[in-house]
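**Student:** Dumping the structure here so I can ask a few things about it.
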Amino acid sequence: MRRLLCVHVLLCCLSMAVPFCPSQCTCVFHGRTDGTGTRSVLCNDPDMSDIPVNVPVDTIKLRVEKTAVRRIPTEAFYYLVDLRYLWITYNSVTSVDTGSFYNLKVLHELRLDGNMISVFPWESLKEMPRLKTLDLHNNRLTIVPTEAIPNLLNITYLDLSSNKLTTLPSDLMDIWPPFNGLTVSSNASQKIILGLQDNPWFCDCKISKLIEISKMADTPVVLMDLFLTCVAPENLAGVLFQRAELENCVKPSVMTSATKITSSLGSNVLLRCDASGSPTPKLYWTNSDGSPVNNAVQESPGEGINWSIMSLHGIEFKDAGNYSCKAKNVAGTAEATISVSVAGTISSTTIPPLQPGIGAGPTVQNMTLTPPTDVSNSPITMSTVVPRPSTTLSGVQRKPKTTPGNGSQKGSLKQTKNQQGDNGRKLAADEKSKKSDASQSIKDLKIVEETTDSAVLLWTAGGKPNNAPLTVVYSPYGEDDSKRTVETNAGSGKVLLDGLSPGMRYSVCLVAKGSAAGKDPCIDFYTLDNIEDGGQNQFFIIISSIACVLVLPLIVLLIYKILALYCKGDNTALDEEELEKESYVKFETISMKQRALNVHPSELWARRPTHDSERLLLCSRSSIDSQMTYKSDGSRFEYLC
């Protein structure tokens with residue numbers, strides 16, 4: 001009996017040790033011959049509305065499919081530390097918390113396709129460092145933010161198809177070959193699978209790299225569907241990526257002022273970099289170790305052009321190395337490198353202190369110093385630099401205290417001071433000569449070919465080397481704040497000044513390295529007035545002349561006609577007066593009122609003797625007038641004769 005009781009207790013313990021499976025799920029254990037195995041859980045009950053919380057802790061694969069789950073809460077799978085495959089597909093999920101996938105350190109595959117997710121927490125991918133597959137197919141995503149790019153570095157299968165994406169971050173393709181600069185291996189395991197079809201793509205420079213990948217024959221980035229299509233803009237609607245030609249989209253190109261620069265220790269160095277591209281690229285400077293350089297300025301003089309200048313003040317040996325100028329826009333990147341070297345040597349000499357009453361002290365021979373140098377009674381360690389120019393002293397002597405009997409010391413000291421004064425005056429004369437030579441080596445400075453917005457500056461180098469650097473500085477006259485510069489060399493003898501305004505006075509100076517301040521050759525010039533205004537004025541003058549030639553004869557003719565009509569009018573008035581005097585015929589309208597008068601005008605004319613021709617003229621009436629003429633008794637119509 002005791003044995004049976006023990007067996008029963010043992011069976012109860014074993015039954016309790018078997019993991020409990022959720023009621024709405026199916027748990028399957030895949031065992032092996034060695035007694036180990038893996039467990040997978042499938043939850044596909046249509047009535048399930050929440051993620052199950054009592055899934056066995058040894059689950060390797062969890063599938064939640066075709067349920068009514070609408071939200072994945074925070075730390076929903078915290079206790080599933082061995083979970084490698086998580087499928088939450090074809091549900092009604094609309095919300096995913098940032099901490100939903102917390103503690104899934106070994107998860108390899110995450111599938112959330114077939115849901116209604118509009119915003120995905122990309123920062124949650126940090127909790128899944130081993131994730132390789134991310135499936136967000138058939139959701140409602142509208143954007144992939146730039147902040148998501150660092151979290152996608154390890155992803156080899158990314159499906160964003162059948163969403164509402166119109167564009168992608170321009171930097172997204174830079175994490176994969178061939179844009180990341182790494183060598184491409186033929187190993188198939190390094191292929192990157194992208195699903196981007198069935199999205200309303202707006203084809204512009206932001207996705208130019210994606211369009212470029214679609215045109216590549218052999219690339220480690222493989223598109224699930226090669227027939228990606230543009231939806232916008234209107235001129236590219238319905239065009240395949242493989243045939244799309246983007247306008248105003250040019251990769252940057254970089255050009256530096258020099259590829260290698262050697263400068264003396266302690267000098268100032270300016271490094272210049274120019275870039276062009278569309279859209280206008282931005283410029284970045286980095287050191288040899290890749291760290292960014294902050295002491296740089298950049299300016300864009302026009303659309304598609306940008307330049308940057310980096311300055312190194314008081315250059316030291318630690319500043320030597322390679323400096324990279326990187327240009328970047330949404331179409332791509334470009335880079336150029338400038339190598340900087342430092343020339344000079346350092347020597348150290350110790351001068352012992354002088355004791356009172358002991359001669360002039362030791363003399364240091366052949367030592368190079370940069371004046372001024374202070375010497376005190378304490379030991380001095382002097383670190384001396386050999387930049388150009390330098391002052392070479394044949395001897396430096398110590399000034400002792402004044403005591404009786406040191407006349408030889410005073411004489412020696414006076415001689416040393418005189419020698420130093422001569423050397424200083426010689427050095428100043430040399431510097432002045434160099435500056436004068438630098439300013440006088442440029443000759444025949446003149447302006448030719450002036451237009452409304454440009455001019456050509458010509459000069460003769462004289463005795464200056466052809467490769468000597470020159471700087472052309474020009475600005476409107478009296479406006480020193482708006483100066484522009486053009487870098488060139490003495491041998492070119494010619495430079496174009498553009499971007500000028502019409503009808504203005506400009507000042508231009510040619511600055512040579514080492515020239516004294518105010519000694520640079522300068523000239524003033526004027527740009528031409530606006531040609532269009534002159535052309536319009538000339539056109540107006542021509543039209544006015546033609547109008548005058550045509551209208552003036554017409555005016556003269558009109559005046560002649562008016563005078564002729566005026567003269568003719570006076571003659572007509574005279575003729576009418578004479579006609580009234582000589583005429584004996586006057587037409588009258590005979591009416592009943594007139595017939596009622598005692599004396600009718602017609603009777604007066606009838607009493608006058610007339611000839612037959614005159615009688616016929618008086619009797620001629622129209623049919624209408626004859627019908628209106630009748631006797632008072634109205635007996636009949638008749639002619640009045």
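Identifiers in the structure tokens: chain A, B, ... in order shown; residue index from 1 per chain; ligand index from 1 in order shown.
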I'd like the neighbourhood of Trp285 in chain A as a PyMOL selection string, where a residue qualifies if any of its atoms comes within 9 Å (using only C-alpha atoms), though same-chain residues fewer than 6 positions away should be ignored.
**Tutor:** chain A and resi 291-294+296+308+310+323-326
**Student:** Enumerate as a VMD selection string all residues of range 1-123 of chain A assigned to alpha helix (DSSP H) by DSSP on the backbone, naming them with the chain letters and numbers the document uses.
**Tutor:** chain A and resid 2 to 17
**Student:** Counting only C-alpha atoms, which residues of range 97-196 of chain A fall within 10 Å of range 45-63 of chain A, and what is the closest atom pair for each with its distance in Å at one decimal, ordered by chain and rising number, as JSON lines?
**Tutor:**
```
{"residue": "A:Val106", "atom": "CA", "partner": "A:Ile60", "partner_atom": "CA", "distance": 9.9}
{"residue": "A:Leu107", "atom": "CA", "partner": "A:Ile60", "partner_atom": "CA", "distance": 9.1}
{"residue": "A:Glu109", "atom": "CA", "partner": "A:Lys61", "partner_atom": "CA", "distance": 9.5}
{"residue": "A:Arg111", "atom": "CA", "partner": "A:Arg63", "partner_atom": "CA", "distance": 9.4}
```
**Student:** So what do you get for CA of Asn467 in chain A versus CA of Ser257 in chain A, distance-wise?
**Tutor:**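 Computing the Euclidean distance for CA of Asn467 in chain A and CA of Ser257 in chain A yields 13.1 Å.
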